[in-house]
Amino acid sequence: MDSLKDPANDRYVKTLKPPPHRPLAKNLMFPDKLKNKPDWKLLKDHLQKEGRIAKEELFKLVADCNKLLKNEGNVLYLQDPLTVVGDIHGQYYDLLKLLEPKVGGNPETTKYLFLGDFVDRGSYSIEVVILLYAIKINYPNTVYFLRGNHECRQLTAFFNFKDECLYKYDQETYEMLMDSFDLFPLSCIINSKFIAVHGGISPDLKSIEDLKKLDRYHEPPRSGLFCDILWSDPVDQDQGNLDGQWKGNEVRGCSWFFGNEASNKFLQRNNLISIIRAHEAQLDGYKMHRWNGGQDFPVVITIFSAPNYCDVYNNRGAVIKFENNTLNIQQFQYTPHPYLLPNFMDIFTWSIPFVAEKITEMLYNLIQAGEQGDDDEDINQEDIEQFKILTQQNKQFNKQQSTGSTGSTGKSTEKLKNKLKFVATMMKMQKTLREQSESIMKLKGACPDKRLPKGILSAGKTAITDALADFNIAKTADIVNEKMPSQAQVPQQSVSIKKPSNTVQNKKK
């Protein structure tokens with residue numbers, strides 16, 4: 001496809017190729033009319049250049065993939081060799097790295113299992129879905145998806161996937177993709193010894209048959225087995241100890257923490273050796289929960305495949321590679337991506353802090369009433385003394401006022417001083433906001449409801465830098481975003497589709 005033209009020859013970064021001028025043509029996306037499969041390699045390169053596909057082609061792509069998803073059971077059965085992938089979260093350029101032969105493996109020759117959370121948080125979720133659906137259509141017997149907790153209407157409306165759909169396409173596209181996510185399988189048995197889910201196990205999960213009986217073709221509920229396999233977490237304790245087998249998961253606002261006792265009982269009852277799951281960011285991209293002792297096989301393995309999560313975590317990504325009944329971890333670093341303003345913000349909204357700083361500066365000078373100030377943003381004793389002199393100069397006028405004017409003058413002076421202090425503080429905050437705008441945007445992306453921690457602006461540059469410094473600080477700041485939104489926080493909608501009559505619940509691969 002032709003790149004965007006530059007007739008004025010004023011493109012600022014000449015070394016960066018401009019994005020494609022138009023959506024990928026249908027005859028290029030589907031070159032073989034007989035096979036009717038998308039050219040996923042061309043599509044991969046097109047999307048990497050920030051290209052788009054037409055809405056009509058997107059709907060066809062999803063419809064073709066839906067036919068495959070409908071015929072897969074709640075529980076998949078796979079054998080190695082196999083690459084298992086954790087959360088991706090809209091990080092398209094990291095997905096491209098993951099699909100390289102030296103990391104996850106070439107999709108032409110590699111069997112893949114994705115554990116969900118394809119969308120939200122990152123800015124390229126649409127591109128992730130398009131590419132993976134195209135690969136799935138080309139290799140239906142070697143590429144598989146499980147549903148994550150973010151593949152639902154509640155979270156995509158609360159986070160940014162719905163906004164991305166509306167920005168790049170429209171509401172109809174968003175609803176079509178939500179219906180497609182309702183088709184994703186829920187779990188997988190690997191080599192007859194491992195169970196893979198997105199989140200974890202549940203008090204309601206006694207056997208694999210319980211998973212097969214679930215009706216998955218709708219929005220996940222806020223409690224119960226369907227909820228738990230998407231939301232539950234292993235307890236963060238070296239021995240996996242809990243008071244009892246289960247503990248309410250206050251971090252998620254739903255579901256459970258499970259420990260060593262609950263895990264071992266489930267695994268022994270079902271003749272399995274380990275639980276493989278995603279759902280939690282990890283500094284190294286993975287975590288081995290060796291609750292039975294350092295020499296034993298991990299009871300739970302967490303895998304996370306979104307390096308430098310949200311552009312602030314500074315973590316590695318990782319995948320699990322099964323081959324010849326052995327398990328290996330392959331780590332990888334993040335890949336730089338094209339810069340986008342947060343939440344698909346336009347340039348006018350982005351420029352508000354610069355305008356606000358200038359307006360605040362003007363207001364500050366007006367309140368000083370001609371006082372000769374310096375460049376200091378803080379109010380010091382000299383400022384206050386000068387203010388007193390100005391007040392004294394108006395004393396004669398004040399004496400002519402009615403009785404009680406002295407008290408009134410004192411109050412007016414105090415009000416003006418307070419205004420001056422307030423505006424000076426605002427100037428300092430606005431200057432910080434302007435000078436540190438990029439760091440602030442990154443920090444807001446990792447904070448609850450995209451709000452900065454209280455007092456961070458008035459504390460200045462150092463506090464912002466420290467808040468972005470390492471994985472643990474970023475994870476602590478982001479912890480509220482790990483919680484299921486309350487029903488009041490998201491649009492009330494519940495869309496379900498009729499369960500296909502030809503669904504195969506025990507299909508083995």
# chains A, B, ... in the order shown; residues from 1 in each chain; ligands from 1
call {"tool": "select_by_dssp", "arguments": {"residues": "stretch 154-277 of chain A", "states": "alpha helix (DSSP H)", "output": "number ranges by chain"}}
result
A: 154-158, 161-168, 171-181, 208-212, 225-231, 260-269
call {"tool": "select_by_dssp", "arguments": {"residues": "stretch 80-226 of chain A", "states": "strand (DSSP E or B)", "output": "PyMOL selection string"}}
result
chain A and resi 82-85+87+112-114+143-145+187-190+194-196
call {"tool": "closest_residue", "arguments": {"among": "A:Phe159, A:Phe59, A:Phe332, A:Trp350", "to": "A:Leu96", "atoms": "only C-alpha atoms"}}
result
A:Phe332
call {"tool": "closest_residue", "arguments": {"among": "A:Lys102, A:Lys26, A:Arg290, A:Lys212", "to": "A:Asn241", "atoms": "only C-alpha atoms"}}
result
A:Arg290
call {"tool": "closest_residue", "arguments": {"among": "A:Asn481, A:Asn191, A:Asn71, A:Gln79", "to": "A:Asn271", "atoms": "only C-alpha atoms"}}
result
A:Asn191
call {"tool": "residues_around", "arguments": {"residues": "A:Gln330", "least_positions_apart": "6", "cutoff": "9 Å", "atoms": "only C-alpha atoms", "output": "list in words"}}
result
Lys102, Val103, Gly104, Gly317, Ala318, Val319, Ile320 and Lys321 of chain A
call {"tool": "residues_around", "arguments": {"residues": "A:Asn149", "least_positions_apart": "2", "cutoff": "12 Å", "atoms": "only C-alpha atoms", "output": "ChimeraX atom specification"}}
result
/A:87,89,115-120,146-147,151-156,181-182,184,186,197-200,219-222,226-232,252,254-255,278-280,482-485
call {"tool": "closest_residue", "arguments": {"among": "A:Ser207, A:Gln245, A:Asn472, A:Gln237", "to": "A:Ala262", "atoms": "only C-alpha atoms"}}
result
A:Gln245
call {"tool": "residues_around", "arguments": {"residues": "A:Glu261", "least_positions_apart": "3", "cutoff": "9 Å", "atoms": "only C-alpha atoms", "output": "ChimeraX atom specification"}}
result
/A:240-242,244-246,258,264-266
call {"tool": "write_last_selection", "arguments": {"atoms": "N, CA and C atoms", "output": "short mmCIF file (atom, residue, chain, number, x, y, z; two decimals), in the first residue's frame"}}
result
data_model
loop_
_atom_site.label_atom_id
_atom_site.label_comp_id
_atom_site.auth_asym_id
_atom_site.auth_seq_id
_atom_site.Cartn_x
_atom_site.Cartn_y
_atom_site.Cartn_z
N GLY A 240 2.34 -20.85 50.32
CA GLY A 240 0.96 -20.99 49.86
C GLY A 240 -0.02 -21.19 50.99
N ASN A 241 0.31 -20.67 52.17
CA ASN A 241 -0.54 -20.90 53.34
C ASN A 241 -1.70 -19.92 53.39
N LEU A 242 -2.86 -20.44 53.81
CA LEU A 242 -4.07 -19.63 54.01
C LEU A 242 -4.80 -20.17 55.24
N GLY A 244 -7.61 -21.76 56.01
CA GLY A 244 -8.59 -22.46 55.19
C GLY A 244 -8.08 -22.58 53.76
N GLN A 245 -8.91 -23.14 52.91
CA GLN A 245 -8.50 -23.37 51.53
C GLN A 245 -8.68 -22.13 50.66
N TRP A 246 -9.61 -21.26 51.05
CA TRP A 246 -9.95 -20.13 50.20
C TRP A 246 -10.04 -18.85 51.03
N PHE A 258 -6.48 -18.63 46.29
CA PHE A 258 -6.35 -20.05 46.60
C PHE A 258 -4.90 -20.33 46.98
N ASN A 264 -3.48 -28.44 45.68
CA ASN A 264 -3.09 -29.84 45.70
C ASN A 264 -4.28 -30.78 45.69
N LYS A 265 -5.33 -30.41 46.40
CA LYS A 265 -6.53 -31.26 46.40
C LYS A 265 -7.13 -31.34 45.00
N PHE A 266 -7.21 -30.21 44.33
CA PHE A 266 -7.77 -30.21 42.97
C PHE A 266 -6.88 -31.00 42.02
#
call {"tool": "atom_distance", "arguments": {"atom1": "atom CA of A:Pro19", "atom2": "atom CA of A:Leu43"}}
result
13.5 Å
